[in-house]
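One structure is given here, and the rest of the page talks about it.
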Amino acid sequence: MKAWYLCECPYPFVPAEVLASADSVRASLPNHYVDPRHAADLYHEVLDEFLLCDELGINVISNEHHAGINCLFGASPLFLGALARQTRNVRILSLGTLISVRKDPVRIAEEYAAADVLSRGRLEIGFVKSGGSEMASGNANPVGFVERFWEAIDLIQATLTHHDGPISWEGKHYRHRSINIWPPCWQRPHPPFWAATGDPGSAAELARRDILNTVVLRGPEGTKRAWDAYKTARLDAGMAPAGPDRFAYSAFVYTGETDEEAVRIGSQLLWFVNTSLKQAPQYGKLLPGQSPPEAAPVLYRSKPPPGGAAGRPGAMLSGITPEQAIAQGLMFAGNPDTVVRQINEFQAKVGGFANLVLIGRSGFMDHAQAEKGLRLFAREVLPRLQDPVLASAA
């Protein structure tokens, strides 16, 4: 088991009455509610948490969202570069630059190659399809974004793997006459590829492309559904069976000295789903191209089905309690014995995975609380997840 630490650097310091009256806290909330001094403190605290992970043996994740309280890492390549230079030991996953929103995948590949060289080969590249508010903030056309997503991956892969002079690309969505980045990436043929999706159809496509599938906050049923599709697609394509190394699960994680402490502090992580997901309909269910055609009748006439209208689970989690989150496999929280047991039980339900993404700080959880949870996890939980004998004893 490998552990990966994710903090999206949220900004919770917005008056409650503003959050309650805003039509959306992602895309349209005025940025005058952000105090740059608070933002600077958060940047430094989160980067210090990443550096602590470098000491503890927990890999780190750089990500991005835009124009909302859920994430201040709008300039993901900048922070990816900081991690590549300041860390020395752990792997760095970019999960990731929004390739269906940015206009030039070749430029993204160039940034990734530079970060891989700067880190001396510790980069892993993650792809995400992006949400509706990102389409607005990136001035991108939401129609056809899934097609752009797959073509952008292909173009990035071609950019990173060709080393014999300029090549050209003539695709449906992207055209580039001369591709010849300097420097090329450190790892050959390219850094490992990840992608985040819980949709079985997309998971199957990832399998055919041999891209590691990470599932975010789906619980055991949704996760198993996606990974079963992944496994079946590989076999149907004549590929080797997918082992646990092809899968990652992302959940809220907090390890405390006692169950009571862990649940009390870890409950702050649920700010992410209870507060920071509020979007106006024009950024979510009514955005053209955001949902598959078969979902349209449900979207326009009634409440979304379980799992979210567009297959995105977040909309259905508002108001969830820590106890419910733990029961649904969305949170692992407790003393070290409890956390190991919860993860083992989840593993048994979904069929095994070799990468655990710790959504380890959100809302009003402070820096000291985040670091305490990381230290306990690294010292008391991670070694037992990496040793089958110790794990089975939980």
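By order of appearance in the structure tokens: chains A, B, ..., then residues from 1 within every chain, and ligands from 1 in the order shown.
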From a DSSP pass on the backbone, collect the residues of range 190-378 of chain A flagged as strand (DSSP E or B) and hand them back as a list of chain:residue names.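 Filtering range 190-378 of chain A to strand (DSSP E or B) leaves A:Phe193, A:Trp194, A:Ala195, A:Ala196, A:Leu212, A:Asn213, A:Thr214, A:Val215, A:Val216, A:Phe247, A:Ala248, A:Tyr249, A:Ser250, A:Ala251, A:Phe252, A:Val253, A:Tyr254, A:Thr255, A:Met331, A:Phe332, A:Ala333, A:Gly334, A:Asn355, A:Leu356, A:Val357, A:Leu358, A:Ile359.
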Contacts of His163 in chain A at 12 Å or less, counting only C-alpha atoms, minus same-chain residues fewer than 5 places along, as number ranges by chain? A: 157-158, 179-185, 188-190
Go ahead and dump the residues you just picked, N, CA and C atoms, as a PDB file, in the first residue's frame.
```pdb
ATOM      1  N   GLN A 157       0.694  12.155 -24.271  1.00  0.00           N
ATOM      2  CA  GLN A 157       1.536  10.959 -24.332  1.00  0.00           C
ATOM      3  C   GLN A 157       2.471  11.017 -25.540  1.00  0.00           C
ATOM      4  N   ALA A 158       1.945  11.417 -26.674  1.00  0.00           N
ATOM      5  CA  ALA A 158       2.793  11.528 -27.865  1.00  0.00           C
ATOM      6  C   ALA A 158       3.894  12.564 -27.655  1.00  0.00           C
ATOM      7  N   ILE A 179       5.967  19.751 -32.599  1.00  0.00           N
ATOM      8  CA  ILE A 179       6.043  19.336 -31.200  1.00  0.00           C
ATOM      9  C   ILE A 179       7.451  18.803 -30.945  1.00  0.00           C
ATOM     10  N   ASN A 180       8.180  19.471 -30.069  1.00  0.00           N
ATOM     11  CA  ASN A 180       9.564  19.085 -29.811  1.00  0.00           C
ATOM     12  C   ASN A 180      10.001  19.731 -28.498  1.00  0.00           C
ATOM     13  N   ILE A 181       9.492  19.231 -27.368  1.00  0.00           N
ATOM     14  CA  ILE A 181       9.719  19.900 -26.088  1.00  0.00           C
ATOM     15  C   ILE A 181      11.143  19.646 -25.581  1.00  0.00           C
ATOM     16  N   TRP A 182      11.659  20.652 -24.921  1.00  0.00           N
ATOM     17  CA  TRP A 182      12.964  20.580 -24.256  1.00  0.00           C
ATOM     18  C   TRP A 182      12.784  21.037 -22.812  1.00  0.00           C
ATOM     19  N   PRO A 183      13.246  20.290 -21.811  1.00  0.00           N
ATOM     20  CA  PRO A 183      13.803  18.941 -21.928  1.00  0.00           C
ATOM     21  C   PRO A 183      12.685  17.911 -22.025  1.00  0.00           C
ATOM     22  N   PRO A 184      13.008  16.696 -22.449  1.00  0.00           N
ATOM     23  CA  PRO A 184      12.036  15.614 -22.353  1.00  0.00           C
ATOM     24  C   PRO A 184      11.915  15.175 -20.892  1.00  0.00           C
ATOM     25  N   CYS A 185      10.924  14.354 -20.605  1.00  0.00           N
ATOM     26  CA  CYS A 185      10.760  13.909 -19.224  1.00  0.00           C
ATOM     27  C   CYS A 185      11.903  12.986 -18.806  1.00  0.00           C
ATOM     28  N   ARG A 188      11.178   7.219 -18.625  1.00  0.00           N
ATOM     29  CA  ARG A 188      10.868   6.733 -19.962  1.00  0.00           C
ATOM     30  C   ARG A 188      10.018   5.470 -19.880  1.00  0.00           C
ATOM     31  N   PRO A 189       8.992   5.323 -20.736  1.00  0.00           N
ATOM     32  CA  PRO A 189       8.670   6.263 -21.808  1.00  0.00           C
ATOM     33  C   PRO A 189       8.026   7.561 -21.330  1.00  0.00           C
ATOM     34  N   HIS A 190       7.382   7.538 -20.165  1.00  0.00           N
ATOM     35  CA  HIS A 190       6.814   8.744 -19.570  1.00  0.00           C
ATOM     36  C   HIS A 190       6.474   8.419 -18.120  1.00  0.00           C
TER      37      HIS A 190
END
```
Which residue gives the smallest distance to Leu160 in chain A among A:Val14, A:Val128, A:Ala114, A:Val143, with only C-alpha atoms counted?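 Residue with the minimum atom-to-atom distance to Leu160 in chain A: A:Ala114.
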Looking at A:Asp116, A:Asp199, A:Asp210, A:Glu257, which one is nearest to Arg375 in chain A, with distances taken over only C-alpha atoms?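 Among the listed residues, the smallest separation from Arg375 in chain A belongs to A:Glu257.
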Could you tell me how far CA of Gly144 in chain A sits from CA of Lys172 in chain A, in Å to one decimal place?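 Separating CA of Lys172 in chain A from CA of Gly144 in chain A is a distance of 10.6 Å.
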Spatial neighbours of Pro200 in chain A, 7 Å, only C-alpha atoms, chain gap at least 5 places, as a list of chain:residue names: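 Residues near the query, excluding close chain neighbours: A:Arg225, A:Ala226, A:Ala229.
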Give me a file of those residues, with N, CA and C atoms, as a JSON list (two decimals), in the first residue's frame.
```
[["chain", "number", "residue", "atom", "x", "y", "z"],
["A", 225, "ARG", "N", -18.00, -1.29, -8.81],
["A", 225, "ARG", "CA", -18.61, -1.26, -10.14],
["A", 225, "ARG", "C", -17.60, -0.73, -11.16],
["A", 226, "ALA", "N", -16.91, 0.34, -10.81],
["A", 226, "ALA", "CA", -15.92, 0.91, -11.73],
["A", 226, "ALA", "C", -14.75, -0.04, -11.94],
["A", 229, "ALA", "N", -15.49, -3.06, -14.11],
["A", 229, "ALA", "CA", -15.48, -2.69, -15.53],
["A", 229, "ALA", "C", -14.04, -2.58, -16.04]]
```
Can you check which residues of range 191-366 of chain A DSSP gives as helix (DSSP H, G or I) on the backbone and send them as a PyMOL selection string? chain A and resi 200-208+219-236+244-246+259-274+281-283+293-301+313-316+322-327+336-350
All residues 8 Å or closer to Trp227 in chain A, only C-alpha atoms, same chain fewer than 5 positions away omitted, as an mmCIF file with C-alpha atoms, in the first residue's frame:
```
data_model
loop_
_atom_site.group_PDB
_atom_site.id
_atom_site.type_symbol
_atom_site.label_atom_id
_atom_site.label_comp_id
_atom_site.auth_asym_id
_atom_site.auth_seq_id
_atom_site.Cartn_x
_atom_site.Cartn_y
_atom_site.Cartn_z
ATOM 1 C CA PRO A 200 -17.640 2.353 -15.434
ATOM 2 C CA ALA A 203 -12.907 3.153 -16.176
ATOM 3 C CA ASN A 213 -7.843 4.383 -11.987
ATOM 4 C CA PHE A 247 -6.234 1.112 -8.470
ATOM 5 C CA VAL A 350 -13.867 -3.749 -3.466
#
```
